[in-house]
file start.pdb (PDB, C-alpha atoms, pLDDT in the B column)
ATOM      1  CA  MET A   1      -9.371 -23.144   8.646  1.00 45.00           C
ATOM      2  CA  MET A   2      -7.200 -21.706  11.419  1.00 45.00           C
ATOM      3  CA  ILE A   3      -6.364 -18.053  11.506  1.00 46.00           C
ATOM      4  CA  LYS A   4      -2.693 -17.367  10.979  1.00 43.00           C
ATOM      5  CA  GLN A   5      -0.768 -16.476  14.075  1.00 40.00           C
ATOM      6  CA  MET A   6       1.363 -13.876  12.347  1.00 39.00           C
ATOM      7  CA  ILE A   7       1.151 -11.604  15.328  1.00 40.00           C
ATOM      8  CA  THR A   8       3.206 -13.892  17.550  1.00 38.00           C
ATOM      9  CA  GLY A   9       6.471 -12.709  16.006  1.00 42.00           C
ATOM     10  CA  MET A  10       5.535  -9.097  16.533  1.00 40.00           C
ATOM     11  CA  LEU A  11       4.531  -9.692  20.118  1.00 40.00           C
ATOM     12  CA  THR A  12       7.946 -10.990  20.985  1.00 37.00           C
ATOM     13  CA  VAL A  13       9.640  -7.730  20.087  1.00 38.00           C
ATOM     14  CA  ALA A  14      12.867  -7.514  22.007  1.00 34.00           C
ATOM     15  CA  VAL A  15      12.973  -5.149  24.936  1.00 36.00           C
ATOM     16  CA  LEU A  16      15.226  -2.208  24.267  1.00 35.00           C
ATOM     17  CA  THR A  17      18.362  -2.049  26.328  1.00 32.00           C
ATOM     18  CA  MET A  18      18.832   1.667  26.631  1.00 34.00           C
ATOM     19  CA  SER A  19      20.032   3.655  29.565  1.00 32.00           C
ATOM     20  CA  SER A  20      17.842   6.086  31.426  1.00 33.00           C
ATOM     21  CA  CYS A  21      17.728   9.671  30.232  1.00 37.00           C
ATOM     22  CA  GLY A  22      17.181  11.084  33.707  1.00 37.00           C
ATOM     23  CA  SER A  23      14.906  10.696  36.651  1.00 36.00           C
ATOM     24  CA  GLY A  24      12.318  13.325  35.723  1.00 45.00           C
ATOM     25  CA  GLU A  25      11.981  12.515  32.031  1.00 59.00           C
ATOM     26  CA  LYS A  26      10.595   9.535  30.179  1.00 76.00           C
ATOM     27  CA  ASP A  27      13.339   7.127  29.369  1.00 89.00           C
ATOM     28  CA  PRO A  28      13.144   5.281  26.045  1.00 92.00           C
ATOM     29  CA  ALA A  29      13.456   1.773  27.485  1.00 90.00           C
ATOM     30  CA  THR A  30      10.648   2.341  29.970  1.00 92.00           C
ATOM     31  CA  TYR A  31       8.450   3.934  27.306  1.00 93.00           C
ATOM     32  CA  ASN A  32       9.076   1.045  24.892  1.00 90.00           C
ATOM     33  CA  ASN A  33       8.431  -1.540  27.594  1.00 90.00           C
ATOM     34  CA  SER A  34       5.167   0.172  28.556  1.00 91.00           C
ATOM     35  CA  ILE A  35       3.911   0.056  24.975  1.00 91.00           C
ATOM     36  CA  ILE A  36       5.047  -3.515  24.321  1.00 89.00           C
ATOM     37  CA  THR A  37       3.444  -4.683  27.572  1.00 90.00           C
ATOM     38  CA  VAL A  38       0.112  -3.227  26.452  1.00 91.00           C
ATOM     39  CA  ILE A  39       0.142  -4.858  23.029  1.00 87.00           C
ATOM     40  CA  ASN A  40       1.312  -8.193  24.408  1.00 87.00           C
ATOM     41  CA  GLY A  41      -2.083  -8.465  26.089  1.00 84.00           C
ATOM     42  CA  SER A  42      -3.677  -9.349  22.759  1.00 87.00           C
ATOM     43  CA  GLU A  43      -1.442 -12.382  22.274  1.00 86.00           C
ATOM     44  CA  GLN A  44      -3.405 -14.477  24.769  1.00 90.00           C
ATOM     45  CA  HIS A  45      -6.728 -13.436  23.240  1.00 94.00           C
ATOM     46  CA  ILE A  46      -5.483 -14.481  19.786  1.00 93.00           C
ATOM     47  CA  THR A  47      -4.270 -17.844  21.087  1.00 93.00           C
ATOM     48  CA  ASP A  48      -7.520 -18.452  22.958  1.00 95.00           C
ATOM     49  CA  MET A  49      -9.635 -17.414  19.964  1.00 95.00           C
ATOM     50  CA  ASN A  50      -7.735 -19.714  17.621  1.00 94.00           C
ATOM     51  CA  ALA A  51      -8.174 -22.600  20.058  1.00 96.00           C
ATOM     52  CA  ALA A  52     -11.915 -21.984  20.494  1.00 97.00           C
ATOM     53  CA  MET A  53     -12.525 -21.627  16.759  1.00 95.00           C
ATOM     54  CA  GLY A  54     -10.363 -24.658  16.005  1.00 94.00           C
ATOM     55  CA  ASN A  55     -12.399 -26.705  18.498  1.00 96.00           C
ATOM     56  CA  SER A  56     -15.700 -25.391  17.103  1.00 95.00           C
ATOM     57  CA  ASP A  57     -16.506 -23.981  20.563  1.00 97.00           C
ATOM     58  CA  TYR A  58     -18.374 -20.912  19.384  1.00 96.00           C
ATOM     59  CA  ALA A  59     -19.819 -20.038  22.791  1.00 97.00           C
ATOM     60  CA  LYS A  60     -16.257 -19.865  24.112  1.00 98.00           C
ATOM     61  CA  ALA A  61     -15.172 -17.889  21.027  1.00 97.00           C
ATOM     62  CA  GLU A  62     -17.887 -15.336  21.755  1.00 97.00           C
ATOM     63  CA  GLU A  63     -16.764 -15.088  25.407  1.00 97.00           C
ATOM     64  CA  ILE A  64     -13.187 -14.507  24.260  1.00 97.00           C
ATOM     65  CA  ARG A  65     -14.305 -11.951  21.687  1.00 97.00           C
ATOM     66  CA  THR A  66     -16.263 -10.017  24.328  1.00 97.00           C
ATOM     67  CA  ALA A  67     -13.352 -10.057  26.788  1.00 97.00           C
ATOM     68  CA  TRP A  68     -10.899  -9.075  24.037  1.00 96.00           C
ATOM     69  CA  ASN A  69     -13.137  -6.187  22.986  1.00 97.00           C
ATOM     70  CA  LYS A  70     -13.183  -4.860  26.564  1.00 97.00           C
ATOM     71  CA  SER A  71      -9.434  -5.352  26.869  1.00 96.00           C
ATOM     72  CA  LEU A  72      -8.846  -3.436  23.635  1.00 96.00           C
ATOM     73  CA  ASP A  73     -10.785  -0.446  24.982  1.00 97.00           C
ATOM     74  CA  GLU A  74      -8.528  -0.488  28.043  1.00 96.00           C
ATOM     75  CA  ASP A  75      -5.363  -0.986  25.966  1.00 96.00           C
ATOM     76  CA  ILE A  76      -6.205   1.891  23.619  1.00 97.00           C
ATOM     77  CA  LYS A  77      -6.776   4.151  26.620  1.00 96.00           C
ATOM     78  CA  LYS A  78      -3.473   3.060  28.218  1.00 95.00           C
ATOM     79  CA  VAL A  79      -1.521   3.907  25.054  1.00 96.00           C
ATOM     80  CA  GLU A  80      -3.357   7.217  24.645  1.00 96.00           C
ATOM     81  CA  ASP A  81      -2.649   8.052  28.296  1.00 95.00           C
ATOM     82  CA  LEU A  82       1.002   7.101  27.868  1.00 93.00           C
ATOM     83  CA  GLY A  83       1.273   9.906  25.337  1.00 94.00           C
ATOM     84  CA  ASP A  84       4.034  10.532  22.862  1.00 94.00           C
ATOM     85  CA  PHE A  85       7.744  10.242  23.586  1.00 94.00           C
ATOM     86  CA  LYS A  86       9.193  13.735  23.904  1.00 92.00           C
ATOM     87  CA  GLY A  87       6.970  15.026  21.100  1.00 93.00           C
ATOM     88  CA  ASP A  88       7.523  11.969  18.882  1.00 94.00           C
ATOM     89  CA  GLU A  89       4.199  10.182  18.416  1.00 94.00           C
ATOM     90  CA  THR A  90       5.312   7.738  15.701  1.00 94.00           C
ATOM     91  CA  PHE A  91       5.575   4.645  17.923  1.00 95.00           C
ATOM     92  CA  GLN A  92       2.413   5.497  19.851  1.00 95.00           C
ATOM     93  CA  LYS A  93       0.461   6.086  16.620  1.00 96.00           C
ATOM     94  CA  ALA A  94       1.592   2.766  15.103  1.00 95.00           C
ATOM     95  CA  VAL A  95       0.423   0.885  18.188  1.00 95.00           C
ATOM     96  CA  LEU A  96      -2.887   2.767  18.348  1.00 95.00           C
ATOM     97  CA  ASP A  97      -3.487   2.037  14.652  1.00 94.00           C
ATOM     98  CA  GLY A  98      -2.829  -1.654  15.281  1.00 93.00           C
ATOM     99  CA  LEU A  99      -5.067  -1.799  18.351  1.00 95.00           C
ATOM    100  CA  LYS A 100      -7.840  -0.019  16.469  1.00 95.00           C
ATOM    101  CA  GLY A 101      -7.417  -2.534  13.635  1.00 93.00           C
ATOM    102  CA  TYR A 102      -7.908  -5.306  16.183  1.00 94.00           C
ATOM    103  CA  LYS A 103     -10.929  -3.469  17.574  1.00 96.00           C
ATOM    104  CA  LYS A 104     -12.476  -3.429  14.102  1.00 95.00           C
ATOM    105  CA  ILE A 105     -12.078  -7.166  13.559  1.00 95.00           C
ATOM    106  CA  VAL A 106     -13.226  -7.978  17.097  1.00 96.00           C
ATOM    107  CA  THR A 107     -16.405  -5.920  16.704  1.00 97.00           C
ATOM    108  CA  GLU A 108     -17.138  -6.547  13.010  1.00 96.00           C
ATOM    109  CA  ASP A 109     -15.407  -9.586  11.531  1.00 96.00           C
ATOM    110  CA  TYR A 110     -15.220 -12.083  14.387  1.00 96.00           C
ATOM    111  CA  PRO A 111     -18.952 -11.855  15.244  1.00 97.00           C
ATOM    112  CA  LYS A 112     -19.820 -12.655  11.627  1.00 95.00           C
ATOM    113  CA  LEU A 113     -17.254 -15.467  11.416  1.00 95.00           C
ATOM    114  CA  ILE A 114     -18.472 -16.996  14.664  1.00 96.00           C
ATOM    115  CA  GLU A 115     -22.072 -16.798  13.438  1.00 94.00           C
ATOM    116  CA  ILE A 116     -21.254 -18.411  10.078  1.00 93.00           C
ATOM    117  CA  ARG A 117     -19.409 -21.277  11.710  1.00 92.00           C
ATOM    118  CA  LYS A 118     -21.867 -21.723  14.594  1.00 93.00           C
ATOM    119  CA  ASN A 119     -24.808 -21.980  12.210  1.00 91.00           C
ATOM    120  CA  LYS A 120     -22.819 -24.085   9.742  1.00 88.00           C
ATOM    121  CA  THR A 121     -23.740 -21.579   7.057  1.00 83.00           C
ATOM    122  CA  SER A 122     -22.100 -22.550   3.814  1.00 81.00           C
ATOM    123  CA  ASP A 123     -20.745 -19.225   2.599  1.00 86.00           C
ATOM    124  CA  ALA A 124     -17.154 -19.814   1.561  1.00 89.00           C
ATOM    125  CA  THR A 125     -16.813 -16.348   0.024  1.00 93.00           C
ATOM    126  CA  ALA A 126     -17.970 -14.516   3.155  1.00 92.00           C
ATOM    127  CA  GLU A 127     -15.848 -16.725   5.399  1.00 92.00           C
ATOM    128  CA  SER A 128     -12.807 -16.190   3.189  1.00 94.00           C
ATOM    129  CA  THR A 129     -13.338 -12.416   3.213  1.00 95.00           C
ATOM    130  CA  LEU A 130     -13.625 -12.384   7.006  1.00 94.00           C
ATOM    131  CA  LEU A 131     -10.488 -14.487   7.415  1.00 94.00           C
ATOM    132  CA  ASP A 132      -8.633 -12.209   5.000  1.00 94.00           C
ATOM    133  CA  ASN A 133      -9.714  -9.148   7.018  1.00 92.00           C
ATOM    134  CA  ILE A 134      -8.589 -10.764  10.276  1.00 94.00           C
ATOM    135  CA  ASN A 135      -5.241 -11.886   8.892  1.00 94.00           C
ATOM    136  CA  LYS A 136      -4.681  -8.462   7.320  1.00 92.00           C
ATOM    137  CA  ALA A 137      -5.280  -6.799  10.696  1.00 90.00           C
ATOM    138  CA  PHE A 138      -2.697  -9.125  12.285  1.00 91.00           C
ATOM    139  CA  GLU A 139      -0.239  -8.397   9.489  1.00 93.00           C
ATOM    140  CA  ASN A 140      -0.788  -4.633   9.676  1.00 90.00           C
ATOM    141  CA  MET A 141      -0.277  -4.624  13.454  1.00 90.00           C
ATOM    142  CA  SER A 142       2.860  -6.717  13.176  1.00 90.00           C
ATOM    143  CA  ASN A 143       4.418  -4.740  10.337  1.00 93.00           C
ATOM    144  CA  GLY A 144       3.443  -1.332  11.690  1.00 92.00           C
ATOM    145  CA  VAL A 145       4.645  -1.962  15.222  1.00 92.00           C
ATOM    146  CA  ASN A 146       7.856  -3.704  14.124  1.00 91.00           C
ATOM    147  CA  LYS A 147       8.736  -0.809  11.823  1.00 94.00           C
ATOM    148  CA  ALA A 148       7.917   1.832  14.444  1.00 93.00           C
ATOM    149  CA  SER A 149       9.714  -0.101  17.191  1.00 91.00           C
ATOM    150  CA  SER A 150      12.873  -0.450  15.091  1.00 92.00           C
ATOM    151  CA  ALA A 151      12.798   3.235  14.202  1.00 93.00           C
ATOM    152  CA  PHE A 152      12.234   4.144  17.860  1.00 93.00           C
ATOM    153  CA  GLU A 153      15.113   1.941  18.977  1.00 90.00           C
ATOM    154  CA  SER A 154      17.450   3.406  16.341  1.00 92.00           C
ATOM    155  CA  LYS A 155      16.498   6.974  17.180  1.00 92.00           C
ATOM    156  CA  TYR A 156      16.706   6.710  20.960  1.00 89.00           C
ATOM    157  CA  LYS A 157      19.405   4.126  21.672  1.00 83.00           C
ATOM    158  CA  SER A 158      22.155   5.340  23.951  1.00 64.00           C
TER     159      SER A 158
END

call {"tool": "encode", "arguments": {"input": "start.pdb", "output": "C-alpha cells"}}
result
Amino acid sequence: MMIKQMITGMLTVAVLTMSSCGSGEKDPATYNNSIITVINGSEQHITDMNAAMGNSDYAKAEEIRTAWNKSLDEDIKKVEDLGDFKGDETFQKAVLDGLKGYKKIVTEDYPKLIEIRKNKTSDATAESTLLDNINKAFENMSNGVNKASSAFESKYKS
C-alpha cells in the first residue's frame, strides 16, 4: 500500500506577489518565500520514501528516514530562527506544527512500518494504524499550512 501524497498540493503553494515594505523591515513576500522554501524540502523526502517503500527497498527507506530526520531538525531550527512576522506568529506556528508532526512520524511511525514490512510481519492492524498516522500528519501539515498561508497572504497583501 502506497502512502498518499497529499502533501504535494500543499508544497506547491503559490509564491505571494507582494511589494516590499521597506529595506530595513521584513517584507511579506520574502518571509513567505523563506518559509515555503523550508517546507518544500520535505517533498523530496516524501517522494523518495514512497519510492523506496513501493519497491520494498527497506534499507533505502531507512537511509531516507535518517536523512529526513536530520533535515527536519535543521528545518525546524530555520523556521524558529526566522521568527514571527512583525509580531504575528500564526504562519510560523502552523509550519512548526507541521514539521513537528513530520518529525513524530519519521522518528516513531516510519521505523515501525519499515520494520513490519522488512520482516514481512503480518500485522495488518498495526500497519494500518501506522499508515493512518503518516497520512494524518501529511493532511495536518497541508491543511494547517494552506490555511495559515492564505490568511497571511490576505492580511499582508499590498

call {"tool": "closest_residue", "arguments": {"input": "start.pdb", "among": "A:Asn133, A:Ser71, A:Thr47, A:Asn140", "to": "Lys104 of chain A", "atoms": "all atoms listed in the file"}}
result
A:Asn133

call {"tool": "atom_distance", "arguments": {"input": "start.pdb", "atom1": "atom CA of Lys120 of chain A", "atom2": "atom CA of Asn50 of chain A"}}
result
17.6 Å

call {"tool": "closest_residue", "arguments": {"input": "start.pdb", "among": "A:Ala52, A:Ala151, A:Ile105, A:Ile134", "to": "Glu89 of chain A", "atoms": "only C-alpha atoms"}}
result
A:Ala151

call {"tool": "residues_around", "arguments": {"input": "start.pdb", "residues": "Ala67 of chain A", "least_positions_apart": "3", "cutoff": "12 Å", "atoms": "all atoms listed in the file", "output": "NGL selection string"}}
result
:A and (41-42 or 44-46 or 48-49 or 60-64 or 70-74 or 103 or 106-107)

call {"tool": "residues_around", "arguments": {"input": "start.pdb", "residues": "segment 76-86 of chain A", "least_positions_apart": "4", "cutoff": "8 Å", "atoms": "only C-alpha atoms", "output": "ChimeraX atom specification"}}
result
/A:26,28,31,35,38,72,90-92,95-96,99-100

call {"tool": "atom_distance", "arguments": {"input": "start.pdb", "atom1": "atom CA of Ser122 of chain A", "atom2": "atom CA of Ala59 of chain A"}}
result
19.3 Å

call {"tool": "atom_distance", "arguments": {"input": "start.pdb", "atom1": "atom CA of Asp88 of chain A", "atom2": "atom CA of Ser150 of chain A"}}
result
14.0 Å

call {"tool": "closest_residue", "arguments": {"input": "start.pdb", "among": "A:Asp57, A:Glu153, A:Glu43, A:Asp27", "to": "Lys118 of chain A", "atoms": "all atoms listed in the file"}}
result
A:Asp57

call {"tool": "residues_around", "arguments": {"input": "start.pdb", "residues": "Val145 of chain A", "least_positions_apart": "3", "cutoff": "6 Å", "atoms": "only C-alpha atoms", "output": "ChimeraX atom specification"}}
result
/A:94-95,141-142,148-149

call {"tool": "resolve_selection", "arguments": {"input": "start.pdb", "expression": "the PyMOL selection byres ((chain A and resi 123-129) around 12)", "output": "VMD selection string"}}
result
chain A and resid 1 to 3 105 109 to 117 119 to 122 130 to 136

call {"tool": "closest_residue", "arguments": {"input": "start.pdb", "among": "A:Ile39, A:Ala29, A:Asn69, A:Tyr58", "to": "Asn146 of chain A", "atoms": "only C-alpha atoms"}}
result
A:Ile39

call {"tool": "axis_aligned_box", "arguments": {"input": "start.pdb", "around": "segment 79-98 of chain A", "padding_each_side": "4 Å", "output": "JSON"}}
result
{"center_x": 2.9, "center_y": 6.7, "center_z": 21.5, "size_x": 20.7, "size_y": 24.7, "size_z": 21.6}

call {"tool": "build_atoms", "arguments": {"input": "start.pdb", "residues": "segment 60-93 of chain A", "atoms": "N, CA and C atoms", "output": "short mmCIF file (atom, residue, chain, number, x, y, z; two decimals), in the frame of the given file"}}
result
data_model
loop_
_atom_site.label_atom_id
_atom_site.label_comp_id
_atom_site.auth_asym_id
_atom_site.auth_seq_id
_atom_site.Cartn_x
_atom_site.Cartn_y
_atom_site.Cartn_z
N LYS A 60 -17.53 -20.31 23.53
CA LYS A 60 -16.26 -19.86 24.11
C LYS A 60 -15.64 -18.76 23.24
N ALA A 61 -15.71 -18.91 21.93
CA ALA A 61 -15.17 -17.89 21.03
C ALA A 61 -15.85 -16.54 21.27
N GLU A 62 -17.15 -16.57 21.49
CA GLU A 62 -17.89 -15.34 21.76
C GLU A 62 -17.48 -14.74 23.10
N GLU A 63 -17.26 -15.58 24.11
CA GLU A 63 -16.76 -15.09 25.41
C GLU A 63 -15.40 -14.41 25.24
N ILE A 64 -14.53 -15.05 24.50
CA ILE A 64 -13.19 -14.51 24.26
C ILE A 64 -13.28 -13.19 23.50
N ARG A 65 -14.14 -13.16 22.48
CA ARG A 65 -14.30 -11.95 21.69
C ARG A 65 -14.78 -10.80 22.57
N THR A 66 -15.73 -11.05 23.44
CA THR A 66 -16.26 -10.02 24.33
C THR A 66 -15.18 -9.51 25.29
N ALA A 67 -14.43 -10.44 25.87
CA ALA A 67 -13.35 -10.06 26.79
C ALA A 67 -12.26 -9.28 26.05
N TRP A 68 -11.93 -9.73 24.84
CA TRP A 68 -10.90 -9.07 24.04
C TRP A 68 -11.34 -7.66 23.68
N ASN A 69 -12.59 -7.50 23.32
CA ASN A 69 -13.14 -6.19 22.99
C ASN A 69 -12.97 -5.22 24.17
N LYS A 70 -13.32 -5.68 25.35
CA LYS A 70 -13.18 -4.86 26.56
C LYS A 70 -11.71 -4.54 26.82
N SER A 71 -10.86 -5.53 26.67
CA SER A 71 -9.43 -5.35 26.87
C SER A 71 -8.85 -4.34 25.88
N LEU A 72 -9.33 -4.39 24.64
CA LEU A 72 -8.85 -3.44 23.64
C LEU A 72 -9.20 -2.01 24.00
N ASP A 73 -10.41 -1.79 24.53
CA ASP A 73 -10.78 -0.45 24.98
C ASP A 73 -9.80 0.04 26.04
N GLU A 74 -9.47 -0.83 26.98
CA GLU A 74 -8.53 -0.49 28.04
C GLU A 74 -7.13 -0.27 27.48
N ASP A 75 -6.70 -1.11 26.55
CA ASP A 75 -5.36 -0.99 25.97
C ASP A 75 -5.22 0.30 25.16
N ILE A 76 -6.24 0.64 24.40
CA ILE A 76 -6.20 1.89 23.62
C ILE A 76 -6.08 3.08 24.57
N LYS A 77 -6.85 3.06 25.65
CA LYS A 77 -6.78 4.15 26.62
C LYS A 77 -5.39 4.23 27.26
N LYS A 78 -4.81 3.08 27.61
CA LYS A 78 -3.47 3.06 28.22
C LYS A 78 -2.45 3.71 27.29
N VAL A 79 -2.50 3.36 26.01
CA VAL A 79 -1.52 3.91 25.05
C VAL A 79 -1.78 5.40 24.83
N GLU A 80 -3.05 5.79 24.77
CA GLU A 80 -3.36 7.22 24.64
C GLU A 80 -2.85 7.97 25.87
N ASP A 81 -3.09 7.41 27.06
CA ASP A 81 -2.65 8.05 28.30
C ASP A 81 -1.13 8.10 28.41
N LEU A 82 -0.45 7.13 27.85
CA LEU A 82 1.00 7.10 27.87
C LEU A 82 1.56 8.32 27.13
N GLY A 83 0.85 8.72 26.09
CA GLY A 83 1.27 9.91 25.34
C GLY A 83 2.42 9.61 24.39
N ASP A 84 2.92 10.67 23.80
CA ASP A 84 4.03 10.53 22.86
C ASP A 84 5.34 10.45 23.65
N PHE A 85 6.43 10.26 22.95
CA PHE A 85 7.74 10.24 23.59
C PHE A 85 8.48 11.52 23.19
N LYS A 86 8.48 12.46 24.11
CA LYS A 86 9.19 13.74 23.90
C LYS A 86 8.79 14.39 22.58
N GLY A 87 7.49 14.40 22.31
CA GLY A 87 6.97 15.03 21.10
C GLY A 87 6.92 14.11 19.89
N ASP A 88 7.51 12.93 19.99
CA ASP A 88 7.52 11.97 18.88
C ASP A 88 6.38 10.97 19.10
N GLU A 89 5.36 11.05 18.25
CA GLU A 89 4.20 10.18 18.42
C GLU A 89 4.19 9.00 17.46
N THR A 90 5.27 8.78 16.73
CA THR A 90 5.31 7.74 15.70
C THR A 90 5.04 6.35 16.26
N PHE A 91 5.73 5.97 17.33
CA PHE A 91 5.58 4.64 17.92
C PHE A 91 4.17 4.51 18.51
N GLN A 92 3.74 5.51 19.25
CA GLN A 92 2.41 5.50 19.85
C GLN A 92 1.34 5.37 18.77
N LYS A 93 1.46 6.12 17.70
CA LYS A 93 0.46 6.09 16.62
C LYS A 93 0.41 4.71 15.95
#
